[in-house]
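K.L.:
Provided herewith: query_35.tsv, TSV, C-alpha atoms.
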```
chain	number	residue	atom	x	y	z
A	1	SER	CA	25.42	4.39	-1.40
A	2	LYS	CA	22.08	2.64	-1.65
A	3	SER	CA	19.15	5.00	-2.06
A	4	ALA	CA	16.08	4.81	0.16
A	5	PRO	CA	12.90	3.15	-1.18
A	6	PRO	CA	10.84	5.50	-3.41
A	7	PRO	CA	7.74	7.29	-2.13
A	8	ARG	CA	4.40	5.47	-2.19
A	9	ALA	CA	2.26	5.72	-5.32
A	10	HIS	CA	4.40	8.32	-7.10
A	11	ARG	CA	5.09	6.95	-10.57
A	12	ALA	CA	7.34	9.74	-11.84
A	13	ARG	CA	9.74	9.68	-8.89
A	14	TRP	CA	9.81	5.88	-8.86
A	15	ALA	CA	10.80	5.78	-12.55
A	16	SER	CA	13.52	8.35	-11.96
A	17	SER	CA	15.61	5.84	-10.01
A	18	PRO	CA	18.70	5.11	-12.20
A	19	ALA	CA	18.58	1.39	-11.41
A	20	LEU	CA	14.92	1.09	-12.28
A	21	ALA	CA	15.00	3.38	-15.29
A	22	ALA	CA	17.51	1.07	-16.93
A	23	THR	CA	15.22	-1.94	-16.62
A	24	MET	CA	11.79	-0.75	-17.64
A	25	SER	CA	9.80	0.72	-20.47
A	26	THR	CA	6.39	2.29	-20.15
A	27	SER	CA	3.20	2.96	-22.01
A	28	SER	CA	-0.20	4.31	-21.06
A	29	PRO	CA	-3.79	4.24	-22.30
A	30	ALA	CA	-3.33	7.77	-23.66
A	31	SER	CA	-0.62	6.56	-26.05
A	32	ALA	CA	-2.30	3.29	-27.02
A	33	PRO	CA	-2.66	2.97	-30.82
A	34	ARG	CA	-6.08	1.35	-30.61
A	35	LYS	CA	-9.14	1.20	-28.43
A	36	ASN	CA	-9.85	-1.89	-26.36
A	37	ALA	CA	-13.30	-3.12	-27.35
A	38	ALA	CA	-13.32	-5.61	-24.47
A	39	ALA	CA	-12.50	-3.03	-21.78
A	40	LEU	CA	-14.93	-2.53	-18.94
A	41	ALA	CA	-16.71	0.79	-18.43
A	42	GLU	CA	-16.05	0.78	-14.67
A	43	ALA	CA	-13.20	-0.29	-12.44
A	44	GLN	CA	-15.29	-2.95	-10.71
A	45	SER	CA	-18.87	-3.84	-9.87
A	46	ASP	CA	-20.06	-4.43	-6.32
A	47	LEU	CA	-22.75	-6.71	-7.76
A	48	GLU	CA	-20.31	-9.35	-9.00
A	49	MET	CA	-21.03	-12.66	-7.25
A	50	PHE	CA	-18.17	-14.62	-5.68
A	51	ASP	CA	-18.08	-18.13	-4.24
A	52	VAL	CA	-16.88	-18.04	-0.64
A	53	VAL	CA	-14.21	-20.64	0.14
A	54	LEU	CA	-12.64	-21.97	3.33
A	55	ALA	CA	-9.56	-20.27	4.75
A	56	PRO	CA	-6.34	-22.18	3.94
A	57	GLY	CA	-4.93	-24.66	6.40
A	58	ASP	CA	-1.33	-24.61	7.58
A	59	ASP	CA	-0.58	-27.57	5.31
A	60	PHE	CA	-1.85	-25.96	2.09
A	61	ASP	CA	0.44	-26.93	-0.82
A	62	ILE	CA	0.56	-24.15	-3.41
A	63	PHE	CA	1.55	-26.57	-6.18
A	64	ARG	CA	-1.04	-29.28	-5.55
A	65	ASP	CA	-3.92	-27.94	-3.47
A	66	GLY	CA	-6.85	-25.68	-4.30
A	67	PRO	CA	-9.52	-23.78	-2.37
A	68	MET	CA	-12.49	-25.61	-0.85
A	69	PRO	CA	-15.92	-24.02	-1.48
A	70	THR	CA	-18.29	-23.42	1.42
A	71	GLY	CA	-21.38	-23.46	-0.79
A	72	GLU	CA	-22.06	-19.80	-0.03
A	73	THR	CA	-22.17	-17.12	-2.74
A	74	LYS	CA	-22.06	-13.41	-1.93
A	75	PRO	CA	-21.76	-10.06	-3.77
A	76	ARG	CA	-18.27	-8.62	-4.16
A	77	ALA	CA	-18.94	-5.73	-1.79
A	78	LEU	CA	-19.99	-8.05	1.05
A	79	VAL	CA	-17.17	-10.52	0.43
A	80	HIS	CA	-14.62	-7.71	0.77
A	81	ARG	CA	-16.42	-6.11	3.71
A	82	ASP	CA	-16.51	-9.40	5.62
A	83	ALA	CA	-12.96	-10.41	4.62
A	84	ASP	CA	-14.28	-13.70	3.21
A	85	TRP	CA	-11.90	-15.96	1.34
A	86	HIS	CA	-12.56	-16.17	-2.42
A	87	ARG	CA	-10.65	-16.74	-5.69
A	88	SER	CA	-8.72	-14.73	-8.28
A	89	VAL	CA	-6.35	-15.17	-11.21
A	90	HIS	CA	-3.00	-13.53	-11.95
A	91	VAL	CA	-1.54	-13.46	-15.47
A	92	TRP	CA	2.11	-12.47	-15.90
A	93	LEU	CA	3.44	-11.54	-19.33
A	94	ILE	CA	7.07	-12.62	-19.59
A	95	ASP	CA	9.60	-11.67	-22.29
A	96	ARG	CA	12.13	-14.48	-22.20
A	97	ALA	CA	14.74	-12.62	-24.27
A	98	THR	CA	14.90	-9.56	-22.02
A	99	GLN	CA	13.94	-11.31	-18.77
A	100	LYS	CA	11.25	-8.70	-18.11
A	101	VAL	CA	7.64	-8.97	-17.02
A	102	ALA	CA	4.83	-6.52	-17.73
A	103	LEU	CA	3.26	-4.62	-14.84
A	104	GLN	CA	0.09	-2.57	-14.88
A	105	LYS	CA	-0.62	0.48	-12.76
A	106	ARG	CA	-4.00	0.04	-11.09
A	107	SER	CA	-6.34	2.95	-11.72
A	108	ALA	CA	-7.30	5.39	-8.98
A	109	LYS	CA	-10.83	3.96	-9.15
A	110	LYS	CA	-9.90	0.46	-8.00
A	111	ASP	CA	-11.30	-0.55	-4.61
A	112	THR	CA	-8.13	-2.43	-3.64
A	113	PHE	CA	-4.57	-1.06	-3.95
A	114	PRO	CA	-5.40	1.91	-6.22
A	115	ASN	CA	-2.52	3.67	-8.01
A	116	LEU	CA	-0.03	0.86	-7.33
A	117	TRP	CA	1.92	-1.26	-9.80
A	118	ASP	CA	0.73	-4.85	-10.00
A	119	ILE	CA	0.42	-8.05	-12.03
A	120	SER	CA	0.19	-7.75	-15.83
A	121	ALA	CA	-3.51	-8.66	-15.63
A	122	ALA	CA	-5.65	-10.03	-12.83
A	123	GLY	CA	-9.20	-10.41	-11.63
A	124	HIS	CA	-11.61	-12.26	-9.41
A	125	ILE	CA	-13.20	-15.54	-10.45
A	126	GLU	CA	-16.95	-14.98	-10.45
A	127	SER	CA	-19.39	-17.62	-9.25
A	128	GLY	CA	-19.86	-20.33	-11.85
A	129	HIS	CA	-16.80	-19.28	-13.85
A	130	ASP	CA	-13.58	-21.16	-14.56
A	131	SER	CA	-10.08	-20.07	-13.56
A	132	ARG	CA	-8.47	-20.32	-16.98
A	133	ASP	CA	-11.47	-18.73	-18.74
A	134	THR	CA	-11.22	-15.84	-16.27
A	135	ALA	CA	-7.51	-15.44	-16.96
A	136	VAL	CA	-8.08	-15.21	-20.73
A	137	ARG	CA	-10.92	-12.70	-20.25
A	138	GLU	CA	-9.05	-10.47	-17.80
A	139	LEU	CA	-6.03	-10.27	-20.10
A	140	GLU	CA	-8.22	-9.01	-22.93
A	141	GLU	CA	-10.28	-6.63	-20.76
A	142	GLU	CA	-7.31	-5.04	-19.04
A	143	LEU	CA	-4.60	-5.07	-21.73
A	144	GLY	CA	-6.40	-5.83	-24.99
A	145	ILE	CA	-4.31	-8.99	-25.48
A	146	ALA	CA	-5.97	-12.13	-26.82
A	147	CYS	CA	-4.55	-15.57	-26.13
A	148	LEU	CA	-5.52	-19.22	-26.39
A	149	HIS	CA	-6.33	-21.16	-23.24
A	150	ASP	CA	-3.44	-23.57	-23.73
A	151	GLU	CA	-0.93	-20.72	-24.11
A	152	LEU	CA	-1.32	-19.98	-20.41
A	153	SER	CA	1.09	-21.86	-18.16
A	154	PHE	CA	-0.34	-22.49	-14.68
A	155	ALA	CA	2.36	-22.19	-12.00
A	156	PHE	CA	0.83	-22.26	-8.50
A	157	CYS	CA	-2.08	-21.18	-6.29
A	158	VAL	CA	-1.16	-18.96	-3.33
A	159	PRO	CA	-3.53	-17.98	-0.50
A	160	ALA	CA	-3.05	-14.25	0.13
A	161	GLU	CA	-4.44	-12.75	3.35
A	162	GLN	CA	-4.41	-9.05	2.47
A	163	ALA	CA	-7.72	-7.63	3.70
A	164	HIS	CA	-5.85	-5.85	6.49
A	165	LEU	CA	-3.47	-4.29	3.93
A	166	GLY	CA	-6.15	-2.70	1.78
A	167	GLY	CA	-6.66	-5.74	-0.41
A	168	CYS	CA	-8.73	-8.88	0.12
A	169	ASN	CA	-8.36	-12.50	1.23
A	170	CYS	CA	-7.93	-14.52	-1.93
A	171	PHE	CA	-6.60	-17.75	-3.38
A	172	GLU	CA	-4.55	-16.53	-6.35
A	173	ASP	CA	-4.17	-18.84	-9.39
A	174	VAL	CA	-0.94	-17.68	-11.04
A	175	TYR	CA	-0.36	-18.07	-14.79
A	176	PHE	CA	2.46	-17.05	-17.13
A	177	LEU	CA	2.22	-16.12	-20.81
A	178	GLU	CA	5.16	-15.53	-23.16
A	179	ARG	CA	5.00	-12.26	-25.09
A	180	ASP	CA	7.75	-9.83	-26.05
A	181	GLU	CA	7.92	-6.13	-25.24
A	182	THR	CA	6.67	-5.17	-28.68
A	183	VAL	CA	3.27	-6.78	-28.09
A	184	ASP	CA	0.43	-4.41	-28.95
A	185	MET	CA	-1.45	-3.42	-25.80
A	186	ALA	CA	-4.65	-1.43	-25.40
A	187	PRO	CA	-5.13	-0.94	-21.65
A	188	GLY	CA	-8.69	-0.63	-20.37
A	189	GLU	CA	-8.68	2.88	-18.92
A	190	ALA	CA	-11.24	2.22	-16.17
A	191	GLU	CA	-8.96	-0.39	-14.61
A	192	VAL	CA	-5.44	0.39	-15.83
A	193	SER	CA	-3.66	3.76	-15.85
A	194	GLY	CA	-0.30	2.61	-17.22
A	195	VAL	CA	1.87	-0.35	-18.24
A	196	MET	CA	5.60	-0.97	-17.94
A	197	TRP	CA	8.09	-3.78	-18.45
A	198	MET	CA	10.46	-4.51	-15.58
A	199	ASP	CA	13.41	-6.82	-15.06
A	200	VAL	CA	12.23	-9.80	-13.01
A	201	ARG	CA	15.07	-9.36	-10.51
A	202	GLU	CA	14.17	-5.72	-9.94
A	203	LEU	CA	10.55	-6.68	-9.28
A	204	ARG	CA	11.60	-9.45	-6.92
A	205	ASP	CA	13.79	-7.02	-5.00
A	206	ALA	CA	11.01	-4.40	-4.89
A	207	TRP	CA	8.71	-6.96	-3.27
A	208	ARG	CA	11.33	-8.07	-0.78
A	209	ARG	CA	12.04	-4.53	0.42
A	210	ASP	CA	8.29	-3.77	0.70
A	211	ASP	CA	8.46	-1.04	-1.94
A	212	GLY	CA	5.46	1.22	-1.46
A	213	ASP	CA	4.80	1.59	-5.19
A	214	VAL	CA	4.03	-2.07	-5.87
A	215	VAL	CA	1.20	-4.21	-4.52
A	216	PRO	CA	2.73	-6.32	-1.74
A	217	ARG	CA	3.17	-10.06	-2.17
A	218	SER	CA	3.92	-12.68	0.47
A	219	ALA	CA	7.35	-14.26	0.77
A	220	GLN	CA	5.78	-17.52	-0.38
A	221	TYR	CA	4.46	-15.84	-3.54
A	222	VAL	CA	7.75	-14.06	-4.29
A	223	ASP	CA	9.83	-17.21	-3.83
A	224	ALA	CA	7.50	-19.32	-6.01
A	225	PHE	CA	7.40	-16.58	-8.67
A	226	ALA	CA	11.19	-16.30	-8.84
A	227	SER	CA	11.69	-20.07	-8.79
A	228	HIS	CA	9.16	-20.67	-11.57
A	229	LEU	CA	10.70	-18.04	-13.83
A	230	GLU	CA	14.21	-19.36	-13.26
A	231	LYS	CA	13.15	-22.94	-13.97
A	232	HIS	CA	10.86	-22.41	-16.97
A	233	TYR	CA	11.76	-19.07	-18.54
A	234	GLY	CA	15.49	-18.74	-18.22
A	235	PRO	CA	17.24	-17.39	-21.36
A	236	ARG	CA	18.47	-20.83	-22.42
A	237	GLU	CA	15.49	-22.91	-21.27
A	238	ALA	CA	12.94	-24.39	-23.64
A	239	GLY	CA	10.02	-23.28	-21.50
A	240	GLY	CA	7.54	-25.01	-19.25
A	241	GLY	CA	3.97	-26.19	-19.57
A	242	GLY	CA	1.05	-25.87	-17.25
A	243	ASP	CA	-1.68	-28.04	-15.86
A	244	ALA	CA	-5.33	-28.07	-16.79
A	245	ARG	CA	-6.55	-25.64	-14.14
```
Output the structure of this file as structure tokens.

P.N.:
Amino acid sequence: SKSAPPPRAHRARWASSPALAATMSTSSPASAPRKNAAALAEAQSDLEMFDVVLAPGDDFDIFRDGPMPTGETKPRALVHRDADWHRSVHVWLIDRATQKVALQKRSAKKDTFPNLWDISAAGHIESGHDSRDTAVRELEEELGIACLHDELSFAFCVPAEQAHLGGCNCFEDVYFLERDETVDMAPGEAEVSGVMWMDVRELRDAWRRDDGDVVPRSAQYVDAFASHLEKHYGPREAGGGGDAR
């Protein structure tokens, strides 16, 4: 019989599920072989400045459209307090051979979705900064992984209204980067408390059943994520490119 969804934010019991245990491997900052020189000293700074953008319209196309700036810039703390729309990047590490993606466990000090499993690396786009530059920087700060700008494959931009869920209202630029499970990681301890690799189908199913241990994603995000992986990173595919975002 099918077991009930695992308890919220309890890593050990979640990993004990036979189905999940067969599809993931884990590591943590404590076992990292090296220190991450790029890691931040704190989980976030309320003084970061974000560009406020307009809320998405009903006709927003996640493959072609982007956020529209209002011309207003505000500190992170006020943007989150006021549920303003702003921008972020998501970087997914994908191992084509095993069909697994890397997930990070957000530290207990994060101001949104603490202690939950999430994207390989992610972060807000600060005022005056570029999306792809931010993606490269966040990957190094959070996981100690360096990459070239053109290694990142841009997939889509999804508006996520999650302020009422404990998150924020953000346009999420989603990138993919090919790396295998043996890649050397050095998680930034202020932001990341653990890393694991998970079968993409297991992650998709966890999202669809609203598993309490993973940061929730909209149906639009989940469908686009699954479709992009199937099209560009299937075991026999040559791989896909990205745009210049």

K.L.:
Could you pull out every residue with an atom within 8 Å of (-13.3, -1.8, -22.7), file coordinates, counting all atoms listed in the file, and send them as a PDB file with C-alpha atoms, in the frame of the given file?

P.N.:
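Result saved to point_4.pdb:
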```
ATOM      1  CA  LYS A  35      -9.140   1.200 -28.430  1.00  0.00           C
ATOM      2  CA  ASN A  36      -9.850  -1.890 -26.360  1.00  0.00           C
ATOM      3  CA  ALA A  37     -13.300  -3.120 -27.350  1.00  0.00           C
ATOM      4  CA  ALA A  38     -13.320  -5.610 -24.470  1.00  0.00           C
ATOM      5  CA  ALA A  39     -12.500  -3.030 -21.780  1.00  0.00           C
ATOM      6  CA  LEU A  40     -14.930  -2.530 -18.940  1.00  0.00           C
ATOM      7  CA  ALA A  41     -16.710   0.790 -18.430  1.00  0.00           C
ATOM      8  CA  GLU A 141     -10.280  -6.630 -20.760  1.00  0.00           C
ATOM      9  CA  GLU A 142      -7.310  -5.040 -19.040  1.00  0.00           C
ATOM     10  CA  GLY A 188      -8.690  -0.630 -20.370  1.00  0.00           C
ATOM     11  CA  GLU A 189      -8.680   2.880 -18.920  1.00  0.00           C
ATOM     12  CA  ALA A 190     -11.240   2.220 -16.170  1.00  0.00           C
TER      13      ALA A 190
END
```

K.L.:
Which of these residues is nearest to Lys74 (chain A), using all atoms listed in the file: A:Ser127, A:Ser88, A:Thr112, A:Thr182?

P.N.:
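Nearest to Lys74 (chain A): A:Ser127.
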
K.L.:
May I ask for the distance between CA of Asp61 (chain A) and CA of Phe156 (chain A), given in Å to one decimal place?

P.N.:
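Value for the CA of Asp61 (chain A)-CA of Phe156 (chain A) distance: 9.0 Å.
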
K.L.:
Under the rule that all atoms listed in the file are counted, which of A:Phe63, A:Val91, A:Ser227, A:Arg217 is the nearest residue to Glu161 (chain A)?

P.N.:
A:Arg217

K.L.:
Which distance in Å separates CA of Glu202 (chain A) and CA of Met185 (chain A), to one decimal?

P.N.:
22.4 Å
